[in-house]
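Asks: Below you will find the structure I want to go over with you.
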Amino acid sequence: MKIAVVGTGYVGLVTGTCFAETGNQVICVDIDAAKVARLKQGELPIYEPGLDVLFHRNIEEDRLKFTTSLVEGIKDAEVIFLALPTPPGENGSADLKYILGVAKDLGPLLENYAVIVDKSTVPVGTAEKVRAAIAANAKVDFDVVSNPEFLREGVAVEDFMKPDRVVIGTSSETAKKVMEKLYAPLVRQGNPVIFMDERSAEMTKYAANSFLALKITFMNEIANLCEKVGADVDDIRRGIGTDSRIGKRFLFAGIGYGGSCFPKDVQALAKTSQEYDYDFRMLNSVMAVNDDQKKKLLPIVRKHFDGNLKGKKIAVWGLAFKPHTDDIREAPALENIVALLEEGATVLAYDPEAMENTKRLISNVTYTHSAYDALDKADALMIFTEWPQFRTPDFAKMAELMNDKVIFDGRNLYELKQIREHGFLYYSIGRETQNLRELINIY
Ligand SMILES: NC(=O)C1=CN([C@@H]2O[C@H](COP(=O)(O)OP(=O)(O)OC[C@H]3O[C@@H](n4cnc5c(N)ncnc54)[C@H](O)[C@@H]3O)[C@@H](O)[C@H]2O)C=CC1
Ligand SMILES: O=C(O)[C@H]1O[C@H](OP(=O)(O)OP(=O)(O)OC[C@H]2O[C@@H](n3ccc(=O)[nH]c3=O)[C@H](O)[C@@H]2O)[C@H](O)[C@@H](O)[C@@H]1O
C-alpha cells in the first residue's frame, strides 16, 4: 500500500518506519526542513530504542522516504496519516491548528480516494472538523478515520509492532477494509482491531491516558499516606498488583507523571468535560495531586539543609521524563532543577540520552560525562529517572566521591536495607526514611 505520514515526530516516524517494515511504500512529510534533511541523510532526530535498525533497513530497501512537500508526499497515497502535534491551547484544550491547517491544505491536493487518518490525540468531534476542512476544497471522495495511537516512548517500536489492540473509528465500510488490511500484519497474534464510531475512538484515547494517569496518581497518594502511617508503598504495590482485577502495571509511585501526553491529555479531557457542562471531579484531583507530587522532594531537601540551599552542590541523575527516551517534555527533573538553582544551589546533572535537549532549556547546570562525575563533592544526590544504569551503582565509589552520603530518590530505585548498609541517608517515595517521623509534618 502507498502511505503518507504527515508529521515525523515520535509518533509519525515510528508509524512510518513500522508500516514500511511491513512492506508498504511510505513517505513521511514534515515542515521542519532541518529535520527532513537529517532524515534524508539517514540520521534519526530522536532516540528511540530499536528504531534505527528498521529505519536504515527500510531506507536502503527504498520503502521509506522523506520530504517537506505535502504535494509530493501524498501523491497516490491510499492512506494519509496525520501525526501532528496537539499541544494544549491557551484554555487547556488541545490546539487543533496543526491538524486543521494540514486538513485544509489537503482538500485541493487529493487526486484519488484516500483514507485520512487522525493518528494524533484529538478531542471528540475532531474527525468531523477534519472532514469539513478537507471537504471545503476537495474534488474527490475521501474518508476520515480516527485511529489513536497507544505507543509509549522508549518502547515505541515494540508497542507499535505488537499492539495490545488497534482502535479504529469509522462508519465507512471502504475505510474499514483499507485499515484492516494495513494493520493485518500487526495483529496476527490475535490482538484485536476494535472498530467503533469516530467519537468513541477519540474518547477511548483520552480515557486510556487519563485512566493510567489516575492509576499512577492513586499510588502516589497511597505513597504519601504510607509515609504518614509508617507503611511501605512497594509492599502495597505487590500486595494489590497481584489481584488480576487491578493488574501489576502502572502502579509505581514516584515523583509524578510527566511526558508530552499524560499532562496535556488529562487537561484536555477536563476541558472537554467543562465544555459539555460535566464536572469531571477526578481529573481535577489528578492534575492537582500530580503538580504537588512533582515538587514533593523539595521541602524535604530544604529541611535537610536547614532551609538554606545556597552553595550546596546537588548531583542529579536522570533528566528525561522516563527511561529509554531523550524526551524531556514535562519531565519532573526540570522544575526541580530550576527550583534548586533559584535557591542558590549548584547542580551537576547526568542523563544517558536527554542532556542535549535539557542544555537547550537550562544552561547554568554542569552536564557531566558519567553518573559518577556528577557526584564529585556533591552534598546530595537527587534521582528523577529510573535509567537501568542507576539501579546497581557502586555505592562505595559513590560514598567516596560525595561530600555527604545523602540520596533523595524520586523513583524508589534501591532497597532500604541495601542502601542503609552503605551508610547513606536515603529519602524515597512512600517508604520509611531514617528521620521520617521528623519530616511528617512538612507535607
Ligand atoms: N509522543 C508519544 O509518545 C505519543 C504521542 N501521541 C500523539 O501524537 C501526536 C504527535 O505527537 P509527537 O509525535 O510526540 O509530536 P512531535 O512534536 O514529536 O512531532 C510532531 C511533528 O509534526 C511536525 N509538523 C508540525 N506542523 C506540521 C505541518 N504543518 N506539516 C508537517 N509536519 C508538521 C513537527 O515538525 C514535528 O516533527 C500528538 O497528538 C500526541 O498527543 C500519541 C501517542 C503517543
Ligand atoms: O499518548 C501518549 O503519548 C502515550 O502516553 C503514555 O506513554 P509515555 O508518556 O510515552 O510514557 P509512560 O510509560 O506511560 O509514562 C508516563 C509517565 O508516567 C510515569 N509513570 C509510569 C508508570 C508508573 O507506574 N509510574 C509512573 O510514575 C512515568 O515515569 C512517566 O513520567 C501512555 O503509556 C501511552 O499508552 C500513550 O500512547
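Just so we're on the same page: first chain in the C-alpha cells is A, next is B, and so on; residues restart at 1 for each chain, and ligands are numbered from 1 in the order they show up.
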Which residues sit within 6 Å of ligand 2, counting only C-alpha atoms and all ligand atoms, listed as a list in words?

Replies: Glu149, Phe150, Leu151, Arg152, Glu153, Asn209, Ile216, Phe250, Leu251, Phe252, Ala253, Gly254, Gly256, Tyr257, Gly258, Gly259, Cys261, Phe262, Phe321 and Lys322 of chain A

Asks: Write out, as an mmCIF file, in the first residue's frame, the residues just selected, with N, CA and C atoms.

Replies:
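The file below, selection-v4.cif, is the result:
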```cif
data_model
loop_
_atom_site.group_PDB
_atom_site.id
_atom_site.type_symbol
_atom_site.label_atom_id
_atom_site.label_comp_id
_atom_site.auth_asym_id
_atom_site.auth_seq_id
_atom_site.Cartn_x
_atom_site.Cartn_y
_atom_site.Cartn_z
ATOM 1 N N GLU A 149 -3.228 6.461 18.760
ATOM 2 C CA GLU A 149 -2.006 5.675 18.965
ATOM 3 C C GLU A 149 -1.765 5.472 20.465
ATOM 4 N N PHE A 150 -1.375 4.238 20.822
ATOM 5 C CA PHE A 150 -1.175 3.935 22.246
ATOM 6 C C PHE A 150 0.282 3.618 22.586
ATOM 7 N N LEU A 151 1.204 3.883 21.653
ATOM 8 C CA LEU A 151 2.605 3.540 21.929
ATOM 9 C C LEU A 151 3.162 4.379 23.067
ATOM 10 N N ARG A 152 4.145 3.787 23.744
ATOM 11 C CA ARG A 152 4.881 4.521 24.778
ATOM 12 C C ARG A 152 6.257 4.854 24.239
ATOM 13 N N GLU A 153 6.760 6.038 24.553
ATOM 14 C CA GLU A 153 8.130 6.360 24.182
ATOM 15 C C GLU A 153 9.064 5.413 24.924
ATOM 16 N N ASN A 209 -5.388 7.304 28.506
ATOM 17 C CA ASN A 209 -4.321 8.083 29.141
ATOM 18 C C ASN A 209 -4.741 8.619 30.507
ATOM 19 N N ILE A 216 -1.570 5.964 38.405
ATOM 20 C CA ILE A 216 -0.289 6.398 38.980
ATOM 21 C C ILE A 216 -0.552 7.359 40.147
ATOM 22 N N PHE A 250 1.827 0.016 35.943
ATOM 23 C CA PHE A 250 1.473 1.415 36.210
ATOM 24 C C PHE A 250 1.035 1.660 37.650
ATOM 25 N N LEU A 251 1.695 0.922 38.564
ATOM 26 C CA LEU A 251 1.416 1.101 39.989
ATOM 27 C C LEU A 251 2.640 1.642 40.709
ATOM 28 N N PHE A 252 3.624 2.142 39.961
ATOM 29 C CA PHE A 252 4.860 2.596 40.616
ATOM 30 C C PHE A 252 4.723 4.037 41.088
ATOM 31 N N ALA A 253 4.786 4.198 42.396
ATOM 32 C CA ALA A 253 4.742 5.552 42.959
ATOM 33 C C ALA A 253 6.057 6.242 42.637
ATOM 34 N N GLY A 254 6.023 7.563 42.565
ATOM 35 C CA GLY A 254 7.246 8.286 42.248
ATOM 36 C C GLY A 254 7.057 9.781 42.312
ATOM 37 N N GLY A 256 5.867 11.798 40.267
ATOM 38 C CA GLY A 256 4.791 12.327 39.423
ATOM 39 C C GLY A 256 4.982 11.938 37.976
ATOM 40 N N TYR A 257 3.869 11.892 37.264
ATOM 41 C CA TYR A 257 3.978 11.561 35.834
ATOM 42 C C TYR A 257 4.325 12.816 35.037
ATOM 43 N N GLY A 258 5.089 12.611 33.959
ATOM 44 C CA GLY A 258 5.416 13.715 33.054
ATOM 45 C C GLY A 258 5.207 13.256 31.631
ATOM 46 N N GLY A 259 5.965 13.858 30.708
ATOM 47 C CA GLY A 259 5.867 13.461 29.317
ATOM 48 C C GLY A 259 4.977 14.376 28.516
ATOM 49 N N CYS A 261 2.330 13.643 26.967
ATOM 50 C CA CYS A 261 0.928 13.257 26.785
ATOM 51 C C CYS A 261 0.052 13.222 28.030
ATOM 52 N N PHE A 262 0.448 12.507 29.074
ATOM 53 C CA PHE A 262 -0.452 12.439 30.239
ATOM 54 C C PHE A 262 -0.863 13.844 30.714
ATOM 55 N N PHE A 321 11.773 12.334 31.047
ATOM 56 C CA PHE A 321 10.560 12.111 31.864
ATOM 57 C C PHE A 321 10.384 10.649 32.216
ATOM 58 N N LYS A 322 11.107 9.782 31.512
ATOM 59 C CA LYS A 322 11.122 8.340 31.805
ATOM 60 C C LYS A 322 12.368 7.767 31.150
#
```

Asks: Please report, as a VMD selection string, each residue of range 78-244 of chain A to which DSSP assigns alpha helix (DSSP H) when run on this structure's backbone.

Replies: chain A and resid 97 to 109 126 to 135 156 to 161 173 to 183 198 to 229 233 to 241

Asks: Taking a cut-off of 7 Å and counting only C-alpha atoms and all ligand atoms, can you build a table that, for each residue of chain A near ligand 1, reports the nearest atom pair and how far apart they are in Å (one decimal), sorted by chain then residue number, as a Markdown table?

Replies:
```
| residue | atom | partner | partner_atom_place_in_ligand_line | distance |
| --- | --- | --- | --- | --- |
| A:Val6 | CA | ligand 1 | 31 (C) | 5.1 |
| A:Gly7 | CA | ligand 1 | 22 (O) | 3.5 |
| A:Thr8 | CA | ligand 1 | 37 (O) | 4.5 |
| A:Gly9 | CA | ligand 1 | 19 (O) | 3.1 |
| A:Tyr10 | CA | ligand 1 | 13 (O) | 3.7 |
| A:Val11 | CA | ligand 1 | 13 (O) | 3.8 |
| A:Gly12 | CA | ligand 1 | 13 (O) | 5.5 |
| A:Val29 | CA | ligand 1 | 31 (C) | 5.5 |
| A:Asp30 | CA | ligand 1 | 32 (N) | 3.6 |
| A:Ile31 | CA | ligand 1 | 31 (C) | 4.4 |
| A:Asp32 | CA | ligand 1 | 35 (O) | 4.7 |
| A:Ala83 | CA | ligand 1 | 10 (C) | 4.9 |
| A:Leu84 | CA | ligand 1 | 22 (O) | 4.3 |
| A:Pro85 | CA | ligand 1 | 38 (C) | 4.4 |
| A:Thr86 | CA | ligand 1 | 39 (O) | 4.3 |
| A:Tyr98 | CA | ligand 1 | 26 (N) | 5.3 |
| A:Gly101 | CA | ligand 1 | 29 (N) | 6.6 |
| A:Val102 | CA | ligand 1 | 29 (N) | 5.5 |
| A:Lys119 | CA | ligand 1 | 8 (O) | 6.2 |
| A:Ser120 | CA | ligand 1 | 39 (O) | 3.5 |
| A:Thr121 | CA | ligand 1 | 39 (O) | 3.9 |
| A:Val122 | CA | ligand 1 | 39 (O) | 6.3 |
| A:Pro148 | CA | ligand 1 | 42 (C) | 6.7 |
| A:Glu149 | CA | ligand 1 | 43 (C) | 4.6 |
| A:Phe150 | CA | ligand 1 | 43 (C) | 5.0 |
| A:Leu151 | CA | ligand 1 | 44 (C) | 5.1 |
| A:Arg152 | CA | ligand 1 | 3 (O) | 5.0 |
| A:Glu153 | CA | ligand 1 | 3 (O) | 4.7 |
| A:Ser260 | CA | ligand 1 | 1 (N) | 6.1 |
| A:Cys261 | CA | ligand 1 | 41 (O) | 5.4 |
```

Asks: Quick one: write out the picked residues with C-alpha atoms as a PDB file, in the first residue's frame?

Replies:
```pdb
ATOM      1  CA  VAL A   6       2.354  13.926   7.881  1.00  0.00           C
ATOM      2  CA  GLY A   7       4.427  14.906  10.927  1.00  0.00           C
ATOM      3  CA  THR A   8       7.583  12.917  11.700  1.00  0.00           C
ATOM      4  CA  GLY A   9       7.858  13.229  15.458  1.00  0.00           C
ATOM      5  CA  TYR A  10       7.847  10.350  17.938  1.00  0.00           C
ATOM      6  CA  VAL A  11       4.555   9.012  16.577  1.00  0.00           C
ATOM      7  CA  GLY A  12       4.874   9.834  12.867  1.00  0.00           C
ATOM      8  CA  VAL A  29       6.247  14.687   5.378  1.00  0.00           C
ATOM      9  CA  ASP A  30       7.426  17.347   7.811  1.00  0.00           C
ATOM     10  CA  ILE A  31       7.574  21.150   7.658  1.00  0.00           C
ATOM     11  CA  ASP A  32      10.806  21.167   9.626  1.00  0.00           C
ATOM     12  CA  ALA A  83       0.655  12.583  13.224  1.00  0.00           C
ATOM     13  CA  LEU A  84       0.822  16.257  14.074  1.00  0.00           C
ATOM     14  CA  PRO A  85       1.224  17.987  17.446  1.00  0.00           C
ATOM     15  CA  THR A  86      -1.871  18.718  19.525  1.00  0.00           C
ATOM     16  CA  TYR A  98      -1.715  21.955  13.013  1.00  0.00           C
ATOM     17  CA  GLY A 101      -4.205  23.564   8.818  1.00  0.00           C
ATOM     18  CA  VAL A 102      -2.960  20.429   7.066  1.00  0.00           C
ATOM     19  CA  LYS A 119      -3.288   9.499  14.471  1.00  0.00           C
ATOM     20  CA  SER A 120      -2.771  12.461  16.782  1.00  0.00           C
ATOM     21  CA  THR A 121      -4.605  12.581  20.080  1.00  0.00           C
ATOM     22  CA  VAL A 122      -7.580  14.801  19.357  1.00  0.00           C
ATOM     23  CA  PRO A 148      -5.496   6.846  18.105  1.00  0.00           C
ATOM     24  CA  GLU A 149      -2.006   5.675  18.965  1.00  0.00           C
ATOM     25  CA  PHE A 150      -1.175   3.935  22.246  1.00  0.00           C
ATOM     26  CA  LEU A 151       2.605   3.540  21.929  1.00  0.00           C
ATOM     27  CA  ARG A 152       4.881   4.521  24.778  1.00  0.00           C
ATOM     28  CA  GLU A 153       8.130   6.360  24.182  1.00  0.00           C
ATOM     29  CA  SER A 260       4.229  15.044  26.337  1.00  0.00           C
ATOM     30  CA  CYS A 261       0.928  13.257  26.785  1.00  0.00           C
TER      31      CYS A 261
END
```

Asks: Running DSSP on the backbone, which parts of range 23-256 of chain A land in strand (DSSP E or B), as a ChimeraX atom specification?

Replies: /A:25-29,64-67,79-82,88,94,114-118,142-146,166-169,193-196

Asks: For those residues, write N, CA and C atoms to a file as a CSV table (one decimal), in the first residue's frame.

Replies:
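Below is the file that was written, part-v1.csv:
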```csv
chain,number,residue,atom,x,y,z
A,25,GLN,N,4.9,1.2,0.9
A,25,GLN,CA,5.7,2.3,0.4
A,25,GLN,C,5.3,3.5,1.2
A,26,VAL,N,6.3,4.1,2.0
A,26,VAL,CA,5.9,5.2,2.9
A,26,VAL,C,6.7,6.5,2.6
A,27,ILE,N,5.9,7.6,2.6
A,27,ILE,CA,6.6,8.9,2.5
A,27,ILE,C,6.2,9.7,3.7
A,28,CYS,N,7.2,10.1,4.5
A,28,CYS,CA,7.0,11.0,5.7
A,28,CYS,C,7.2,12.4,5.3
A,29,VAL,N,6.2,13.3,5.7
A,29,VAL,CA,6.2,14.7,5.4
A,29,VAL,C,6.4,15.5,6.7
A,64,LEU,N,11.0,3.7,2.4
A,64,LEU,CA,10.8,4.8,3.4
A,64,LEU,C,11.5,6.1,2.8
A,65,LYS,N,10.7,7.1,2.6
A,65,LYS,CA,11.3,8.3,2.1
A,65,LYS,C,10.8,9.5,2.9
A,66,PHE,N,11.5,10.7,2.7
A,66,PHE,CA,11.1,11.9,3.4
A,66,PHE,C,11.0,13.1,2.5
A,67,THR,N,10.1,14.0,2.9
A,67,THR,CA,10.0,15.2,2.1
A,67,THR,C,9.4,16.3,2.9
A,79,VAL,N,-3.5,5.9,2.0
A,79,VAL,CA,-3.8,6.3,3.4
A,79,VAL,C,-2.9,7.4,3.8
A,80,ILE,N,-3.5,8.5,4.4
A,80,ILE,CA,-2.7,9.6,4.8
A,80,ILE,C,-2.8,9.8,6.3
A,81,PHE,N,-1.7,9.5,7.0
A,81,PHE,CA,-1.8,9.7,8.5
A,81,PHE,C,-1.5,11.1,8.9
A,82,LEU,N,-2.2,11.7,9.8
A,82,LEU,CA,-1.9,13.0,10.4
A,82,LEU,C,-1.3,12.7,11.8
A,88,PRO,N,-1.4,21.8,24.3
A,88,PRO,CA,-2.5,22.5,25.0
A,88,PRO,C,-2.6,23.9,24.4
A,94,ALA,N,-7.0,20.9,23.6
A,94,ALA,CA,-6.0,20.6,22.5
A,94,ALA,C,-6.1,21.6,21.4
A,114,ALA,N,-8.9,8.6,-0.8
A,114,ALA,CA,-7.9,8.3,0.2
A,114,ALA,C,-8.5,8.3,1.5
A,115,VAL,N,-7.9,7.5,2.4
A,115,VAL,CA,-8.4,7.5,3.8
A,115,VAL,C,-7.4,8.4,4.6
A,116,ILE,N,-8.0,9.4,5.2
A,116,ILE,CA,-7.2,10.4,6.0
A,116,ILE,C,-7.4,9.9,7.5
A,117,VAL,N,-6.2,9.7,8.1
A,117,VAL,CA,-6.3,9.1,9.5
A,117,VAL,C,-5.8,10.0,10.5
A,118,ASP,N,-6.6,10.4,11.5
A,118,ASP,CA,-6.2,11.1,12.7
A,118,ASP,C,-5.5,10.2,13.6
A,142,PHE,N,-13.3,10.9,-0.1
A,142,PHE,CA,-12.3,10.6,0.9
A,142,PHE,C,-13.0,10.2,2.1
A,143,ASP,N,-12.3,9.5,3.0
A,143,ASP,CA,-12.9,9.2,4.4
A,143,ASP,C,-12.0,9.7,5.4
A,144,VAL,N,-12.5,10.1,6.6
A,144,VAL,CA,-11.6,10.5,7.7
A,144,VAL,C,-11.9,9.4,8.8
A,145,VAL,N,-10.8,8.9,9.3
A,145,VAL,CA,-10.8,7.8,10.3
A,145,VAL,C,-10.1,8.3,11.5
A,146,SER,N,-10.6,7.9,12.7
A,146,SER,CA,-9.9,8.2,13.9
A,146,SER,C,-9.1,6.9,14.3
A,166,VAL,N,-5.8,-2.4,18.4
A,166,VAL,CA,-5.8,-1.2,17.5
A,166,VAL,C,-7.3,-0.7,17.5
A,167,VAL,N,-7.4,0.6,17.7
A,167,VAL,CA,-8.7,1.2,17.8
A,167,VAL,C,-9.0,2.0,16.5
A,168,ILE,N,-10.1,1.7,15.8
A,168,ILE,CA,-10.4,2.4,14.6
A,168,ILE,C,-11.8,2.9,14.6
A,169,GLY,N,-11.9,4.2,14.5
A,169,GLY,CA,-13.2,4.8,14.5
A,169,GLY,C,-13.6,5.2,13.1
A,193,VAL,N,-8.4,-5.8,16.5
A,193,VAL,CA,-8.7,-4.5,15.9
A,193,VAL,C,-10.1,-4.1,16.3
A,194,ILE,N,-10.3,-3.1,17.0
A,194,ILE,CA,-11.6,-2.8,17.6
A,194,ILE,C,-12.2,-1.6,16.8
A,195,PHE,N,-13.3,-1.9,16.1
A,195,PHE,CA,-14.0,-0.9,15.3
A,195,PHE,C,-15.1,-0.2,16.1
A,196,MET,N,-15.2,1.1,15.9
A,196,MET,CA,-16.2,1.9,16.6
A,196,MET,C,-16.5,3.1,15.8
```

Asks: Write out as a list of chain:residue names the residues lying within 12 Å of Glu21 in chain A, counting only C-alpha atoms and excluding same-chain residues fewer than 4 positions away.

Replies: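 Close residues of Glu21 in chain A: A:Met1, A:Val14, A:Thr15, A:Gly16, A:Thr17, A:Gln25, A:Val26, A:Leu51, A:Asp52, A:Val53, A:Leu54, A:Phe55, A:His56, A:Arg57, A:Asn58, A:Ile59, A:Glu60, A:Glu61, A:Asp62, A:Arg63, A:Leu64, A:Val157, A:Phe160, A:Met161, A:Leu182, A:Pro185, A:Leu186.
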
Asks: Could the residues in this selection be saved with C-alpha atoms as a PDB file, in the first residue's frame?

Replies:
```
ATOM      1  CA  MET A   1       0.000   0.000   0.000  1.00  0.00           C
ATOM      2  CA  VAL A  14       7.588   5.268  14.304  1.00  0.00           C
ATOM      3  CA  THR A  15       4.313   4.847  12.351  1.00  0.00           C
ATOM      4  CA  GLY A  16       6.015   5.486   9.012  1.00  0.00           C
ATOM      5  CA  THR A  17       9.003   3.266   9.725  1.00  0.00           C
ATOM      6  CA  GLN A  25       5.695   2.315   0.438  1.00  0.00           C
ATOM      7  CA  VAL A  26       5.891   5.183   2.923  1.00  0.00           C
ATOM      8  CA  LEU A  51      14.023   2.297  15.629  1.00  0.00           C
ATOM      9  CA  ASP A  52      17.424   2.706  13.954  1.00  0.00           C
ATOM     10  CA  VAL A  53      17.614  -0.825  12.545  1.00  0.00           C
ATOM     11  CA  LEU A  54      14.166  -0.602  10.938  1.00  0.00           C
ATOM     12  CA  PHE A  55      14.765   2.970   9.792  1.00  0.00           C
ATOM     13  CA  HIS A  56      18.012   2.149   7.962  1.00  0.00           C
ATOM     14  CA  ARG A  57      16.748  -1.103   6.503  1.00  0.00           C
ATOM     15  CA  ASN A  58      13.649   0.485   5.006  1.00  0.00           C
ATOM     16  CA  ILE A  59      15.521   3.468   3.593  1.00  0.00           C
ATOM     17  CA  GLU A  60      18.001   1.084   1.972  1.00  0.00           C
ATOM     18  CA  GLU A  61      15.227  -1.088   0.581  1.00  0.00           C
ATOM     19  CA  ASP A  62      13.543   2.014  -0.815  1.00  0.00           C
ATOM     20  CA  ARG A  63      10.305   1.743   1.138  1.00  0.00           C
ATOM     21  CA  LEU A  64      10.822   4.789   3.366  1.00  0.00           C
ATOM     22  CA  VAL A 157       8.615   0.164  18.148  1.00  0.00           C
ATOM     23  CA  PHE A 160       3.575  -0.337  17.553  1.00  0.00           C
ATOM     24  CA  MET A 161       4.540  -3.688  16.075  1.00  0.00           C
ATOM     25  CA  LEU A 182      -2.965  -2.193   6.698  1.00  0.00           C
ATOM     26  CA  PRO A 185       0.433  -7.907   9.849  1.00  0.00           C
ATOM     27  CA  LEU A 186       0.496  -6.260  13.301  1.00  0.00           C
TER      28      LEU A 186
END
```

Asks: Which residues are close to Ile362 in chain A, i.e. within 10 Å by only C-alpha atoms, leaving aside same-chain residues fewer than 4 positions away? Reply as a list in words.

Replies: Leu334, Ile337, Val338, Met355, Asn357, Thr358 and Thr366 of chain A

Asks: For a quick check of understanding, using only C-alpha atoms, which of A:Arg38, A:Arg431, A:His369, A:Lys75 has the smallest distance to Ile236 in chain A?

Replies: A:Arg431

Asks: Nearest to Asp292 in chain A among A:Ile419, A:Ala333, A:Ala184, A:Ile255, with distances taken over only C-alpha atoms: which residue is it?

Replies: A:Ile255

Asks: Using only C-alpha atoms, which protein or nucleic acid residues come within 12 Å of Pro123 in chain A? Drop anything in the same chain fewer than 3 positions from it, and give the result as a PyMOL selection string.

Replies: chain A and resi 86-88+92-96+99+118-120+126-130+146+148+198-207+264-273+275

Asks: Include N, CA and C atoms and write out the residues we just selected as a tab-separated table (two decimals), in the first residue's frame.

Replies:
```tsv
chain	number	residue	atom	x	y	z
A	86	THR	N	-0.61	18.16	19.00
A	86	THR	CA	-1.87	18.72	19.52
A	86	THR	C	-1.60	19.27	20.93
A	87	PRO	N	-0.75	20.30	21.00
A	87	PRO	CA	-0.37	20.84	22.32
A	87	PRO	C	-1.55	21.53	23.00
A	88	PRO	N	-1.43	21.78	24.30
A	88	PRO	CA	-2.53	22.49	24.96
A	88	PRO	C	-2.62	23.92	24.41
A	92	GLY	N	-6.29	25.29	27.68
A	92	GLY	CA	-6.07	23.92	28.16
A	92	GLY	C	-6.59	22.85	27.21
A	93	SER	N	-7.47	23.25	26.28
A	93	SER	CA	-7.96	22.24	25.34
A	93	SER	C	-6.91	22.02	24.26
A	94	ALA	N	-7.01	20.88	23.55
A	94	ALA	CA	-6.00	20.57	22.53
A	94	ALA	C	-6.08	21.58	21.40
A	95	ASP	N	-4.93	22.12	21.02
A	95	ASP	CA	-4.87	23.10	19.93
A	95	ASP	C	-4.88	22.35	18.59
A	96	LEU	N	-5.90	22.60	17.79
A	96	LEU	CA	-6.05	21.83	16.54
A	96	LEU	C	-5.49	22.56	15.32
A	99	ILE	N	-3.45	20.28	12.85
A	99	ILE	CA	-4.29	19.28	12.18
A	99	ILE	C	-5.21	19.94	11.15
A	118	ASP	N	-6.65	10.36	11.49
A	118	ASP	CA	-6.21	11.14	12.65
A	118	ASP	C	-5.46	10.21	13.58
A	119	LYS	N	-4.12	10.32	13.59
A	119	LYS	CA	-3.29	9.50	14.47
A	119	LYS	C	-2.99	10.29	15.75
A	120	SER	N	-3.00	11.60	15.61
A	120	SER	CA	-2.77	12.46	16.78
A	120	SER	C	-3.88	12.25	17.80
A	126	THR	N	-13.26	15.95	16.49
A	126	THR	CA	-12.22	16.44	15.57
A	126	THR	C	-12.34	15.80	14.19
A	127	ALA	N	-12.67	14.51	14.13
A	127	ALA	CA	-12.79	13.87	12.80
A	127	ALA	C	-13.80	14.64	11.95
A	128	GLU	N	-14.87	15.08	12.60
A	128	GLU	CA	-15.88	15.84	11.84
A	128	GLU	C	-15.30	17.16	11.34
A	129	LYS	N	-14.49	17.81	12.19
A	129	LYS	CA	-13.87	19.08	11.78
A	129	LYS	C	-12.87	18.86	10.64
A	130	VAL	N	-12.10	17.77	10.74
A	130	VAL	CA	-11.11	17.47	9.70
A	130	VAL	C	-11.84	17.19	8.38
A	146	SER	N	-10.61	7.89	12.70
A	146	SER	CA	-9.86	8.16	13.94
A	146	SER	C	-9.13	6.88	14.35
A	148	PRO	N	-6.42	6.36	17.08
A	148	PRO	CA	-5.50	6.85	18.10
A	148	PRO	C	-4.33	5.89	18.32
A	198	GLU	N	-16.24	7.32	15.18
A	198	GLU	CA	-15.10	8.23	15.35
A	198	GLU	C	-15.05	8.85	16.75
A	199	ARG	N	-16.22	9.28	17.21
A	199	ARG	CA	-16.25	9.96	18.51
A	199	ARG	C	-15.80	9.02	19.64
A	200	SER	N	-16.24	7.77	19.56
A	200	SER	CA	-15.85	6.82	20.61
A	200	SER	C	-14.35	6.54	20.54
A	201	ALA	N	-13.81	6.47	19.32
A	201	ALA	CA	-12.37	6.22	19.18
A	201	ALA	C	-11.58	7.39	19.78
A	202	GLU	N	-12.04	8.60	19.50
A	202	GLU	CA	-11.35	9.79	20.04
A	202	GLU	C	-11.40	9.78	21.58
A	203	MET	N	-12.55	9.42	22.09
A	203	MET	CA	-12.74	9.39	23.54
A	203	MET	C	-11.92	8.25	24.18
A	204	THR	N	-11.80	7.13	23.47
A	204	THR	CA	-11.05	5.98	24.01
A	204	THR	C	-9.61	6.39	24.35
A	205	LYS	N	-9.01	7.18	23.46
A	205	LYS	CA	-7.61	7.59	23.69
A	205	LYS	C	-7.48	8.42	24.98
A	206	TYR	N	-8.38	9.37	25.16
A	206	TYR	CA	-8.31	10.20	26.37
A	206	TYR	C	-8.64	9.38	27.61
A	207	ALA	N	-9.58	8.45	27.46
A	207	ALA	CA	-9.94	7.60	28.61
A	207	ALA	C	-8.73	6.76	29.02
A	264	LYS	N	-0.95	16.78	29.23
A	264	LYS	CA	-1.81	17.53	28.29
A	264	LYS	C	-3.14	16.83	28.05
A	265	ASP	N	-3.13	15.50	28.06
A	265	ASP	CA	-4.37	14.79	27.73
A	265	ASP	C	-5.37	14.81	28.90
A	266	VAL	N	-4.85	14.73	30.11
A	266	VAL	CA	-5.77	14.83	31.28
A	266	VAL	C	-6.41	16.22	31.28
A	267	GLN	N	-5.57	17.22	31.00
A	267	GLN	CA	-6.06	18.60	30.96
A	267	GLN	C	-7.10	18.77	29.84
A	268	ALA	N	-6.82	18.19	28.69
A	268	ALA	CA	-7.74	18.34	27.55
A	268	ALA	C	-9.07	17.64	27.82
A	269	LEU	N	-9.02	16.48	28.49
A	269	LEU	CA	-10.28	15.78	28.79
A	269	LEU	C	-11.10	16.58	29.81
A	270	ALA	N	-10.38	17.18	30.76
A	270	ALA	CA	-11.08	18.04	31.74
A	270	ALA	C	-11.76	19.20	31.01
A	271	LYS	N	-11.06	19.73	30.03
A	271	LYS	CA	-11.60	20.86	29.26
A	271	LYS	C	-12.83	20.42	28.46
A	272	THR	N	-12.73	19.24	27.82
A	272	THR	CA	-13.89	18.72	27.08
A	272	THR	C	-15.08	18.57	28.03
A	273	SER	N	-14.82	18.01	29.23
A	273	SER	CA	-15.91	17.82	30.20
A	273	SER	C	-16.58	19.16	30.51
A	275	GLU	N	-16.64	21.82	28.66
A	275	GLU	CA	-17.39	22.31	27.50
A	275	GLU	C	-18.75	21.64	27.40
```

Asks: What is the distance, in Å and to one decimal place, between CA of Tyr113 in chain A and CA of Val187 in chain A?

Replies: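 So the answer is 25.5 Å.
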
Asks: For Ala331 in chain A, which residue out of A:Thr385, A:Thr22, A:Ser363, A:Ser171 is the nearest one, using only C-alpha atoms?

Replies: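 That would be A:Thr385, the residue with the smallest distance to Ala331 in chain A.
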
Asks: Give me the residues within 6 Å of Gly154 in chain A as a ChimeraX atom specification, counting only C-alpha atoms and dropping any in the same chain fewer than 2 places off.

Replies: /A:48,156,324-325

Asks: Which of these residues is nearest to Glu400 in chain A, using only C-alpha atoms: A:Leu375, A:Leu416, A:Leu13, A:Val301?

Replies: A:Leu375

Asks: Do a neighbour search on Gly247 in chain A at 12 Å with only C-alpha atoms, toss out local chain neighbours closer than 6 positions, and write the hits as a tab-separated table (two decimals) with C-alpha atoms, in the first residue's frame.

Replies:
```tsv
chain	number	residue	atom	x	y	z
A	212	LEU	CA	-3.32	5.46	33.52
A	215	LYS	CA	-3.74	4.86	38.44
A	237	ARG	CA	2.06	-2.35	45.14
A	238	ARG	CA	2.97	-6.02	45.32
A	239	GLY	CA	0.01	-6.71	47.57
A	240	ILE	CA	-2.58	-5.18	45.25
A	241	GLY	CA	-0.95	-5.70	41.85
```
